[in-house]
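Here is start.tsv, consisting of TSV, C-alpha atoms and all ligand atoms:
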chain	number	residue	atom	x	y	z
A	1426	MET	CA	2.51	-7.04	8.44
A	1427	ASN	CA	6.24	-7.59	8.33
A	1428	ARG	CA	7.94	-10.94	8.79
A	1429	GLN	CA	8.73	-10.35	12.46
A	1430	SER	CA	5.26	-9.25	13.48
A	1431	PHE	CA	3.87	-12.13	11.41
A	1432	SER	CA	6.04	-14.57	13.40
A	1433	ILE	CA	4.81	-13.01	16.61
A	1434	ALA	CA	1.24	-13.26	15.37
A	1435	VAL	CA	1.73	-16.94	14.54
A	1436	ALA	CA	3.32	-17.61	17.92
A	1437	THR	CA	0.47	-15.78	19.65
A	1438	SER	CA	-2.13	-17.71	17.67
A	1439	VAL	CA	-0.52	-21.01	18.62
A	1440	LEU	CA	-0.33	-19.95	22.27
A	1441	LEU	CA	-4.00	-19.07	22.17
A	1442	GLY	CA	-4.77	-22.45	20.74
A	1443	VAL	CA	-5.70	-21.06	17.33
A	1444	ILE	CA	-4.33	-23.84	15.18
A	1445	ALA	CA	-4.79	-22.29	11.75
A	1446	ALA	CA	-2.61	-19.19	11.86
A	1447	THR	CA	-3.57	-16.66	9.23
A	1448	PRO	CA	-0.78	-16.06	6.73
A	1449	PRO	CA	-0.45	-12.71	4.93
A	1450	ILE	CA	-3.53	-12.36	2.82
A	1451	ALA	CA	-2.12	-12.28	-0.74
A	1452	ASP	CA	0.00	-15.32	0.02
A	1453	ALA	CA	-2.95	-17.26	1.40
A	1454	GLN	CA	-5.16	-16.40	-1.53
A	1455	GLU	CA	-2.64	-17.47	-4.13
A	1456	ARG	CA	-1.87	-20.71	-2.33
A	1457	ASP	CA	-5.47	-21.67	-1.78
A	1458	ALA	CA	-6.48	-20.42	-5.22
A	1459	THR	CA	-9.24	-18.49	-3.46
A	1460	PRO	CA	-10.38	-15.78	-5.84
A	1461	VAL	CA	-8.88	-12.41	-4.98
A	1462	GLN	CA	-11.57	-9.74	-5.12
A	1463	PRO	CA	-10.71	-6.75	-7.29
A	1464	SER	CA	-10.76	-3.15	-6.14
A	1465	PHE	CA	-12.74	-0.85	-8.42
A	1466	THR	CA	-11.92	2.69	-9.38
A	1467	GLN	CA	-14.07	5.09	-11.36
A	1468	GLY	CA	-12.91	7.81	-13.71
A	1469	GLU	CA	-9.54	9.09	-14.80
A	1470	ALA	CA	-6.42	9.13	-12.61
A	1471	GLN	CA	-5.74	12.70	-11.51
A	1472	SER	CA	-2.70	12.37	-9.25
A	1473	GLY	CA	0.95	11.40	-9.53
A	1474	ILE	CA	0.92	12.03	-13.29
A	1475	THR	CA	4.46	11.42	-14.53
A	1476	MET	CA	5.73	11.30	-18.08
A	1477	LEU	CA	7.75	8.17	-18.82
A	1478	TYR	CA	8.41	8.69	-22.47
A	1479	GLN	CA	7.46	10.90	-25.37
A	1480	TRP	CA	7.54	9.98	-29.02
A	1481	LYS	CA	7.18	12.81	-31.48
A	1482	GLY	CA	7.58	10.89	-34.73
A	1483	ASN	CA	5.01	8.90	-36.69
A	1484	ASN	CA	1.95	8.10	-34.54
A	1485	PRO	CA	3.20	10.39	-31.73
A	1486	ARG	CA	2.24	9.40	-28.20
A	1487	THR	CA	3.17	10.38	-24.68
A	1488	ALA	CA	3.38	7.53	-22.20
A	1489	ASN	CA	2.38	8.71	-18.74
A	1490	VAL	CA	1.64	6.94	-15.49
A	1491	GLY	CA	-0.66	8.17	-12.74
A	1492	THR	CA	-2.27	7.05	-9.52
A	1493	ILE	CA	-5.89	6.59	-8.55
A	1494	LYS	CA	-7.59	5.48	-5.35
A	1495	SER	CA	-10.27	2.84	-5.07
A	1496	ALA	CA	-13.19	3.11	-2.65
A	1497	ASP	CA	-11.37	0.78	-0.23
A	1498	GLY	CA	-8.57	3.35	0.11
A	1499	ALA	CA	-5.94	1.46	-1.90
A	1500	GLU	CA	-3.84	3.44	-4.36
A	1501	TRP	CA	-3.17	2.02	-7.82
A	1502	THR	CA	-0.55	3.05	-10.34
A	1503	VAL	CA	-1.99	3.01	-13.85
A	1504	PRO	CA	-1.56	1.55	-16.30
A	1505	ALA	CA	1.16	-0.19	-14.24
A	1506	LYS	CA	3.91	0.34	-11.74
A	1507	THR	CA	6.98	-0.18	-13.91
A	1508	HIS	CA	10.77	-0.28	-13.61
A	1509	PHE	CA	11.11	1.78	-16.78
A	1510	HIS	CA	13.60	4.31	-15.39
A	1511	ALA	CA	15.46	2.04	-12.96
A	1512	ALA	CA	15.96	-1.15	-14.96
A	1513	THR	CA	18.20	-2.08	-17.87
A	1514	LYS	CA	16.55	-1.40	-21.21
A	1515	ALA	CA	16.34	-4.41	-23.47
A	1516	ALA	CA	18.53	-4.11	-26.57
A	1517	ASP	CA	16.73	-3.04	-29.71
A	1518	LEU	CA	15.81	-5.62	-32.30
A	1519	TYR	CA	13.91	-2.88	-34.12
A	1520	ASN	CA	13.32	0.58	-32.69
A	1521	GLU	CA	12.51	3.52	-34.92
A	1522	ALA	CA	13.06	5.91	-31.98
A	1523	ASN	CA	16.72	4.86	-31.82
A	1524	GLY	CA	17.21	4.56	-35.57
A	1525	VAL	CA	17.61	0.78	-35.28
A	1526	GLU	CA	15.72	-0.52	-38.28
A	1527	PRO	CA	17.26	-3.74	-39.64
A	1528	GLU	CA	15.59	-5.44	-42.59
A	1529	GLY	CA	15.80	-8.81	-40.85
A	1530	ILE	CA	17.57	-10.87	-38.23
A	1531	ALA	CA	20.63	-11.34	-40.48
A	1532	ASP	CA	21.34	-7.61	-40.05
A	1533	VAL	CA	21.33	-7.75	-36.25
A	1534	GLU	CA	24.72	-8.00	-34.59
A	1535	LEU	CA	23.72	-10.32	-31.77
A	1536	GLU	CA	27.22	-10.87	-30.43
A	1537	ALA	CA	27.47	-7.16	-29.60
A	1538	ILE	CA	24.54	-7.41	-27.19
A	1539	PRO	CA	25.65	-7.81	-23.57
A	1540	VAL	CA	24.72	-11.06	-21.82
A	1541	ILE	CA	22.80	-10.43	-18.58
A	1542	ASP	CA	23.61	-12.75	-15.71
A	1543	ALA	CA	20.66	-14.68	-14.33
A	1544	GLY	CA	22.78	-17.35	-12.61
A	1545	GLY	CA	24.23	-20.19	-14.68
A	1546	ASP	CA	26.47	-20.95	-17.65
A	1547	GLU	CA	24.14	-21.43	-20.59
A	1548	VAL	CA	23.44	-18.44	-22.84
A	1549	PHE	CA	19.95	-17.84	-24.19
A	1550	THR	CA	18.49	-15.17	-26.44
A	1551	ALA	CA	14.92	-13.94	-26.14
A	1552	TYR	CA	13.19	-11.98	-28.90
A	1553	VAL	CA	10.12	-10.06	-27.78
A	1554	PHE	CA	7.48	-7.91	-29.47
A	1555	GLY	CA	4.89	-6.51	-27.09
A	1556	ASP	CA	1.90	-4.27	-27.62
A	1557	ASN	CA	2.82	-2.06	-25.87
A	1558	TYR	CA	5.29	-2.66	-23.03
A	1559	PHE	CA	6.94	-5.56	-21.23
A	1560	GLU	CA	9.28	-6.35	-18.37
A	1561	PHE	CA	11.28	-9.58	-18.66
A	1562	SER	CA	12.33	-11.68	-15.64
A	1563	VAL	CA	14.14	-14.98	-15.23
A	1564	ASN	CA	13.68	-16.92	-11.97
A	1565	GLY	CA	12.22	-13.82	-10.36
A	1566	LYS	CA	15.08	-11.53	-11.35
A	1567	LEU	CA	14.11	-8.60	-13.57
A	1568	LEU	CA	16.62	-8.64	-16.44
A	1569	ALA	CA	15.39	-5.95	-18.82
A	1570	VAL	CA	12.46	-3.75	-19.74
A	1571	ASP	CA	10.99	-2.60	-23.04
A	1572	ALA	CA	12.73	0.56	-24.31
A	1573	VAL	CA	9.44	2.10	-25.51
A	1574	PRO	CA	6.31	2.08	-23.33
A	1575	MET	CA	3.72	2.96	-25.98
A	1576	THR	CA	4.78	4.00	-29.50
A	1577	PRO	CA	6.62	3.58	-31.78
A	1578	PHE	CA	6.00	-0.17	-31.92
A	1579	ASN	CA	9.40	-1.73	-31.29
A	1580	SER	CA	10.89	-5.16	-30.68
A	1581	SER	CA	13.68	-6.27	-28.37
A	1582	VAL	CA	16.46	-8.79	-27.82
A	1583	ILE	CA	17.54	-9.99	-24.40
A	1584	ARG	CA	20.62	-12.19	-24.04
A	1585	PHE	CA	21.03	-13.84	-20.69
A	1586	ARG	CA	22.93	-16.55	-18.91
A	1587	THR	CA	21.17	-19.07	-16.68
A	1588	GLN	CA	20.74	-22.80	-16.22
A	1589	ARG	CA	17.88	-25.16	-16.95
A	1590	PRO	CA	15.25	-25.46	-15.72
A	1591	PHE	CA	14.34	-21.79	-15.51
A	1592	THR	CA	11.18	-19.72	-15.32
A	1593	ILE	CA	10.43	-16.73	-17.52
A	1594	GLY	CA	8.04	-14.13	-16.17
A	1595	ILE	CA	6.81	-11.34	-18.43
A	1596	MET	CA	4.71	-8.41	-17.32
A	1597	GLY	CA	2.82	-7.08	-20.32
A	1598	VAL	CA	1.13	-3.67	-20.37
A	1599	ASP	CA	-1.32	-2.36	-22.94
A	1600	TRP	CA	-0.59	1.36	-22.58
A	1601	GLU	CA	-3.29	4.00	-22.33
A	1602	GLU	CA	-3.67	7.75	-22.56
A	1603	ARG	CA	-6.77	8.07	-20.38
A	1604	LEU	CA	-4.97	6.90	-17.27
A	1605	GLY	CA	-7.02	4.53	-15.15
A	1606	LEU	CA	-9.63	4.09	-17.86
A	1607	GLY	CA	-7.87	1.93	-20.42
A	1608	PHE	CA	-8.78	4.31	-23.23
A	1609	GLU	CA	-6.45	5.90	-25.75
A	1610	LYS	CA	-6.94	8.81	-28.11
A	1611	PHE	CA	-6.94	7.30	-31.56
A	1612	LYS	CA	-7.48	8.98	-34.91
A	1613	GLY	CA	-9.70	11.66	-33.41
A	1614	ALA	CA	-11.60	9.28	-31.11
A	1615	PRO	CA	-11.16	10.71	-27.59
A	1616	PHE	CA	-12.04	7.43	-25.84
A	1617	HIS	CA	-10.81	4.55	-27.98
A	1618	GLN	CA	-10.30	1.05	-26.61
A	1619	GLY	CA	-6.78	-0.08	-27.46
A	1620	ASP	CA	-5.68	-3.68	-27.66
A	1621	ALA	CA	-2.63	-5.67	-26.62
A	1622	GLY	CA	-0.66	-8.86	-27.41
A	1623	LEU	CA	2.81	-10.23	-26.83
A	1624	VAL	CA	4.97	-12.64	-28.77
A	1625	ALA	CA	8.33	-14.11	-27.72
A	1626	VAL	CA	10.88	-16.63	-28.95
A	1627	VAL	CA	13.69	-17.98	-26.80
A	1628	LYS	CA	16.70	-19.69	-28.38
A	1629	ASP	CA	19.75	-21.42	-26.96
A	1630	ALA	CA	23.38	-20.80	-27.96
A	1631	ALA	CA	23.04	-23.30	-30.82
A	1632	ASP	CA	20.14	-21.20	-32.20
A	1633	GLU	CA	17.66	-23.94	-31.31
A	1634	THR	CA	14.28	-22.67	-30.15
A	1635	VAL	CA	13.65	-23.64	-26.52
A	1636	SER	CA	10.38	-21.72	-25.99
A	1637	VAL	CA	7.77	-19.84	-27.96
A	1638	THR	CA	4.73	-18.07	-26.58
A	1639	ASP	CA	1.71	-20.36	-26.88
A	1640	ALA	CA	-1.28	-21.66	-24.91
A	1641	ASN	CA	1.02	-23.60	-22.57
A	1642	TRP	CA	2.03	-20.31	-20.95
A	1643	LYS	CA	0.07	-19.02	-17.98
A	1644	ALA	CA	-1.49	-15.55	-18.10
A	1645	GLN	CA	-3.45	-13.62	-15.53
A	1646	THR	CA	-4.81	-10.08	-15.66
A	1647	PHE	CA	-4.33	-7.57	-12.85
A	1648	TYR	CA	-5.90	-4.44	-14.36
A	1649	THR	CA	-9.01	-4.46	-16.50
A	1650	ALA	CA	-10.56	-1.34	-18.05
A	1651	PRO	CA	-12.62	0.34	-19.33
A	1652	LEU	CA	-15.66	-1.23	-17.70
A	1653	LYS	CA	-18.92	0.50	-18.57
A	1654	THR	CA	-20.38	-1.19	-15.50
A	1655	LYS	CA	-18.68	-3.17	-12.74
A	1656	GLU	CA	-21.15	-5.99	-13.32
A	1657	CYS	CA	-19.88	-6.79	-16.84
A	1658	LEU	CA	-16.77	-8.27	-15.22
A	1659	VAL	CA	-17.48	-11.91	-14.36
A	1660	ARG	CA	-15.33	-13.53	-11.66
A	1661	LYS	CA	-15.47	-17.28	-11.26
A	1662	GLY	CA	-12.72	-18.82	-9.16
A	1663	THR	CA	-9.49	-17.30	-10.43
A	1664	ILE	CA	-11.10	-16.51	-13.80
A	1665	ARG	CA	-11.36	-12.77	-14.48
A	1666	ASP	CA	-13.62	-12.60	-17.50
A	1667	SER	CA	-14.37	-9.25	-19.09
A	1668	SER	CA	-15.73	-10.66	-22.35
A	1669	LYS	CA	-19.20	-9.25	-21.57
A	1670	CYS	CA	-17.83	-5.71	-21.29
A	1671	SER	CA	-18.38	-3.31	-24.18
A	1672	THR	CA	-15.49	-2.79	-26.59
A	1673	GLU	CA	-17.18	0.22	-28.20
A	1674	ASP	CA	-15.54	3.61	-28.26
A	1675	THR	CA	-17.49	6.35	-26.53
A	1676	ALA	CA	-17.72	10.13	-26.72
A	1677	ASP	CA	-17.20	10.44	-22.96
A	1678	GLY	CA	-15.74	7.58	-20.93
A	1679	THR	CA	-14.94	9.55	-17.81
A	1680	ASN	CA	-17.50	7.64	-15.72
A	1681	TYR	CA	-16.23	4.20	-16.66
A	1682	PHE	CA	-14.78	1.82	-14.07
A	1683	ALA	CA	-11.59	-0.19	-13.76
A	1684	ALA	CA	-10.80	-3.35	-11.80
A	1685	HIS	CA	-7.44	-3.77	-10.08
A	1686	TRP	CA	-5.94	-6.78	-8.34
A	1687	PRO	CA	-2.76	-6.72	-6.18
A	1688	ILE	CA	0.27	-8.25	-7.86
A	1689	PRO	CA	1.85	-11.05	-5.80
A	1690	GLU	CA	5.33	-9.95	-4.89
A	1691	ASN	CA	6.99	-13.22	-5.99
A	1692	TRP	CA	4.88	-13.77	-9.13
A	1693	ALA	CA	7.94	-14.22	-11.38
A	1694	ALA	CA	9.81	-16.64	-9.10
A	1695	SER	CA	10.37	-20.21	-10.25
A	1696	ASP	CA	8.55	-21.60	-7.19
A	1697	PHE	CA	5.50	-19.34	-7.47
A	1698	ASP	CA	2.38	-21.49	-7.70
A	1699	ASP	CA	0.64	-20.44	-10.92
A	1700	SER	CA	-1.61	-23.51	-11.02
A	1701	GLY	CA	-4.63	-21.30	-10.35
A	1702	TRP	CA	-3.85	-18.98	-13.26
A	1703	PRO	CA	-5.58	-19.53	-16.59
A	1704	ASN	CA	-3.57	-20.66	-19.57
A	1705	ALA	CA	-2.64	-17.92	-21.99
A	1706	VAL	CA	-5.04	-17.32	-24.87
A	1707	THR	CA	-3.51	-17.17	-28.35
A	1708	TYR	CA	-4.39	-14.59	-30.99
A	1709	THR	CA	-3.63	-14.50	-34.70
A	1710	ASN	CA	-1.34	-11.90	-36.27
A	1711	ASP	CA	-4.38	-10.52	-38.09
A	1712	PHE	CA	-6.38	-10.17	-34.89
A	1713	VAL	CA	-3.53	-8.30	-33.19
A	1714	GLY	CA	-2.94	-6.30	-36.37
A	1715	VAL	CA	0.82	-6.38	-36.94
A	1716	ASP	CA	0.90	-6.22	-40.74
A	1717	ASN	CA	1.98	-2.55	-40.71
A	1718	LYS	CA	4.59	-2.94	-37.96
A	1719	PRO	CA	8.11	-3.63	-39.25
A	1720	ALA	CA	9.26	-4.31	-35.67
A	1721	TYR	CA	7.33	-7.55	-36.22
A	1722	THR	CA	7.11	-8.11	-39.96
A	1723	ASN	CA	10.87	-7.80	-40.55
A	1724	PHE	CA	11.32	-10.80	-38.25
A	1725	THR	CA	8.64	-13.23	-39.35
A	1726	ASP	CA	11.32	-15.90	-39.85
A	1727	LEU	CA	11.74	-15.67	-36.06
A	1728	PHE	CA	8.16	-15.09	-34.92
A	1729	ASP	CA	6.39	-17.20	-37.56
A	1730	ALA	CA	8.91	-20.02	-38.04
A	1731	PRO	CA	6.99	-22.95	-39.60
A	1732	ASP	CA	8.43	-25.54	-37.19
A	1733	SER	CA	8.13	-23.40	-34.04
A	1734	ASP	CA	5.57	-20.69	-34.67
A	1735	ALA	CA	5.35	-18.25	-31.76
A	1736	GLN	CA	1.76	-17.21	-31.04
A	1737	PHE	CA	0.59	-13.88	-29.81
A	1738	ILE	CA	-0.58	-14.47	-26.27
A	1739	TRP	CA	-2.48	-12.51	-23.64
A	1740	SER	CA	-5.19	-13.17	-21.11
A	1741	SER	CA	-8.75	-13.93	-22.26
A	1742	ASN	CA	-9.40	-10.32	-23.25
A	1743	LEU	CA	-7.03	-8.55	-25.62
A	1744	VAL	CA	-8.88	-5.24	-25.28
A	1745	HIS	CA	-9.84	-4.83	-21.63
A	1746	ASP	CA	-6.99	-6.58	-19.83
A	1747	ASN	CA	-4.22	-3.99	-19.70
A	1748	LEU	CA	-1.76	-5.45	-17.22
A	1749	VAL	CA	-1.15	-9.16	-17.71
A	1750	LEU	CA	1.46	-11.36	-16.07
A	1751	MET	CA	2.69	-14.29	-18.14
A	1752	ARG	CA	4.85	-17.24	-17.10
A	1753	THR	CA	6.46	-20.36	-18.45
A	1754	THR	CA	9.16	-22.75	-17.33
A	1755	ILE	CA	11.80	-24.12	-19.68
A	1756	GLY	CA	12.69	-27.64	-18.56
A	1757	ASN	CA	15.85	-29.66	-18.82
A	1758	GLN	CA	16.91	-30.84	-22.25
A	1801	CA	CA	7.16	-1.29	-26.66
A	1802	CA	CA	-2.01	-1.24	-27.34
A	1803	CA	CA	3.74	-16.38	-35.08
A	1804	CA	CA	-6.64	-2.04	-23.57

Take the structure in the file and give it back as structure tokens.
Amino acid sequence: MNRQSFSIAVATSVLLGVIAATPPIADAQERDATPVQPSFTQGEAQSGITMLYQWKGNNPRTANVGTIKSADGAEWTVPAKTHFHAATKAADLYNEANGVEPEGIADVELEAIPVIDAGGDEVFTAYVFGDNYFEFSVNGKLLAVDAVPMTPFNSSVIRFRTQRPFTIGIMGVDWEERLGLGFEKFKGAPFHQGDAGLVAVVKDAADETVSVTDANWKAQTFYTAPLKTKECLVRKGTIRDSSKCSTEDTADGTNYFAAHWPIPENWAASDFDDSGWPNAVTYTNDFVGVDNKPAYTNFTDLFDAPDSDAQFIWSSNLVHDNLVLMRTTIGNQ
């Protein structure tokens, strides 16, 4: 319901003596930390198939999106509804597709990267490597999106101007080729379960690190697949735990399920209440498997700095959780 009809509904409820007016459902569920029930889909998305990006080089992949309906009639964009075409692309730290392949941070001309206005006078620089795709917001404003949705594995720099305290919101997407199923086609395996992970470092104008991804961040999943059965997904409060779901590849995954949850419209805003979200889970470089990815390994002095080591983060399941929202707030100095 829109704001006006909601106001009318509230007024009517009060007139009728119904004290507890019912707010819009997503809002109420987030505020009360009442678990939001997922919608389940089964099989591969067949409609709205759109190509976002095609990479024909090493490890060639086509990144598509599609739509699929759940039994309750809701339509879901998989693997995620993105702003890939509409939003500013984050500048390349390392991107083979654009021929940007510096040996290290010393070879990156940071001053040439435009500063995006997020309201304020202090300039910050964020360095992000995501498997596979991210969208980066500050105080609810989308500043930039990953230039490559799936492959090649790239990394990005975002310079922005804001003031402390400020909230960073990152949408992370583990891309897929079997849309709606969370499977990719990998080295001849037609239904392979791909994994995810995101690492970020934020520095101030004096090159001091003000934030690294770690277990203090919040992370919640909104799309979990493939699920061999719906029952392997355990929901307890706001915990969405797919650790009991099989991570095995399969010869035919077309009957597998997926769980989808609606994304709160204001999830990236500074005043969004993320107290019900789980803390991010950290993963080692080895577990994520970055040793053959120069978009990461050329910048270990950034991502693995001994005094401020950024951790790979994600929700509790690096394989099944394919759309994860992550948040942190950088306080005053
Ligand atoms: Ca990417
Ligand atoms: Ca992946
Ligand atoms: Ca690290
Ligand atoms: Ca996955």

Nearby residues (all atoms listed in the file) at most 8 Å from range 1544-1550 of chain A, same-chain spacing under 4 positions excluded, as a ChimeraX atom specification: /A:1540,1582-1588,1627-1630

Keeping C-alpha atoms, export the residues of the selection given above as a PDB file, in the coordinates of the input.
ATOM      1  CA  VAL A1540      24.720 -11.060 -21.820  1.00  0.00           C
ATOM      2  CA  VAL A1582      16.460  -8.790 -27.820  1.00  0.00           C
ATOM      3  CA  ILE A1583      17.540  -9.990 -24.400  1.00  0.00           C
ATOM      4  CA  ARG A1584      20.620 -12.190 -24.040  1.00  0.00           C
ATOM      5  CA  PHE A1585      21.030 -13.840 -20.690  1.00  0.00           C
ATOM      6  CA  ARG A1586      22.930 -16.550 -18.910  1.00  0.00           C
ATOM      7  CA  THR A1587      21.170 -19.070 -16.680  1.00  0.00           C
ATOM      8  CA  GLN A1588      20.740 -22.800 -16.220  1.00  0.00           C
ATOM      9  CA  VAL A1627      13.690 -17.980 -26.800  1.00  0.00           C
ATOM     10  CA  LYS A1628      16.700 -19.690 -28.380  1.00  0.00           C
ATOM     11  CA  ASP A1629      19.750 -21.420 -26.960  1.00  0.00           C
ATOM     12  CA  ALA A1630      23.380 -20.800 -27.960  1.00  0.00           C
TER      13      ALA A1630
END

Rows by chain and residue number, range 1584-1651 of chain A within 12 Å of range 1713-1718 of chain A, shortest pair, only C-alpha atoms, as CSV:
residue,atom,partner,partner_atom,distance
A:Gly1619,CA,A:Val1713,CA,10.5
A:Asp1620,CA,A:Val1713,CA,7.5
A:Ala1621,CA,A:Val1713,CA,7.1
A:Gly1622,CA,A:Val1713,CA,6.5
A:Leu1623,CA,A:Val1713,CA,9.2
A:Val1624,CA,A:Val1713,CA,10.5

Residues within 12 Å of (-13.3, 1.2, -9.8), counting all atoms listed in the file, listed as a PyMOL selection string: chain A and resi 1463-1470+1493-1501+1605-1607+1648-1656+1658+1679-1686

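The coordinates place CA of Ile1530 in chain A at 28.5 Å from CA of Ala1511 in chain A.
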
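The shortest atom-to-atom distance to Val1525 in chain A, with only C-alpha atoms taken into account, belongs to A:Asn1579 out of A:Asn1579, A:Asn1710, A:Pro1590, A:Trp1692.
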
Quick one: 4 Å padding each side, axis-aligned, all listed atoms of range 1533-1549 of chain A - centre and edge lengths in Å to one decimal, as AutoDock Vina command-line options?
--center_x 23.7 --center_y -14.3 --center_z -24.4 --size_x 15.5 --size_y 22.3 --size_z 31.6

Using only C-alpha atoms and all ligand atoms, find each residue with an atom at most 6 Å away from ligand CA 1803 (chain A) and format the answer as a count of residues only. 5

For a quick check of understanding, using only C-alpha atoms, which of A:Thr1592, A:Ala1631, A:Gly1613, A:Leu1477 has the smallest distance to Met1575 in chain A? A:Leu1477

Using only C-alpha atoms and all ligand atoms, the residue out of A:Gln1618, A:Thr1576, A:Thr1675, A:Thr1707 with shortest distance to ligand CA 1801 (chain A) is A:Thr1576

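CA of Phe1737 in chain A to CA of Val1635 in chain A spans 16.6 Å [interatomic distance, one decimal].
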
So, with only C-alpha atoms and all ligand atoms as the atoms that count, which of A:Val1598, A:Met1476, A:Ala1516, A:Val1570 lies closest to ligand CA 1804 (chain A)? A:Val1598

Surrounding residues of Ser1580 in chain A excluding itself and chain neighbours under 6 positions, 9 Å, all atoms listed in the file, as a VMD selection string: chain A and resid 1516 to 1520 1552 to 1555 1571 to 1572 1720 to 1721

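Take CA of Asn1483 in chain A and CA of Phe1559 in chain A: the distance between them is 21.3 Å.
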
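Take the candidates A:Ser1581, A:Ser1562, A:Thr1725, A:Asn1557 and check each one against Arg1486 in chain A using all atoms listed in the file; the shortest distance goes to A:Asn1557.
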
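Candidate residues A:Thr1634, A:Glu1601, A:Asn1757, A:Asp1666 were compared for distance to Asp1732 in chain A, and the nearest is A:Thr1634, using all atoms listed in the file.
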
I want to know what sits within 7 Å of Phe1616 in chain A, based on all atoms listed in the file, with residues of the same chain fewer than 4 positions away left out; could you give that as a PyMOL selection string? chain A and resi 1608-1610+1674-1678

The selected residues should be written to file as an mmCIF file, in the frame of the given file (atoms: C-alpha atoms).
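Contents of again.cif, as written:
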data_model
loop_
_atom_site.group_PDB
_atom_site.id
_atom_site.type_symbol
_atom_site.label_atom_id
_atom_site.label_comp_id
_atom_site.auth_asym_id
_atom_site.auth_seq_id
_atom_site.Cartn_x
_atom_site.Cartn_y
_atom_site.Cartn_z
ATOM 1 C CA PHE A 1608 -8.780 4.310 -23.230
ATOM 2 C CA GLU A 1609 -6.450 5.900 -25.750
ATOM 3 C CA LYS A 1610 -6.940 8.810 -28.110
ATOM 4 C CA ASP A 1674 -15.540 3.610 -28.260
ATOM 5 C CA THR A 1675 -17.490 6.350 -26.530
ATOM 6 C CA ALA A 1676 -17.720 10.130 -26.720
ATOM 7 C CA ASP A 1677 -17.200 10.440 -22.960
ATOM 8 C CA GLY A 1678 -15.740 7.580 -20.930
#

Residues within 7 Å of (-12.8, -8.1, -17.8), file coordinates, counting only C-alpha atoms: what are they? Give the list as a CSV table (one decimal) with C-alpha atoms, in the coordinates of the input.
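So the final result, stored in out34.csv, reads:
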chain,number,residue,atom,x,y,z
A,1649,THR,CA,-9.0,-4.5,-16.5
A,1658,LEU,CA,-16.8,-8.3,-15.2
A,1659,VAL,CA,-17.5,-11.9,-14.4
A,1665,ARG,CA,-11.4,-12.8,-14.5
A,1666,ASP,CA,-13.6,-12.6,-17.5
A,1667,SER,CA,-14.4,-9.2,-19.1
A,1668,SER,CA,-15.7,-10.7,-22.4
A,1670,CYS,CA,-17.8,-5.7,-21.3
A,1742,ASN,CA,-9.4,-10.3,-23.2
A,1745,HIS,CA,-9.8,-4.8,-21.6
A,1746,ASP,CA,-7.0,-6.6,-19.8
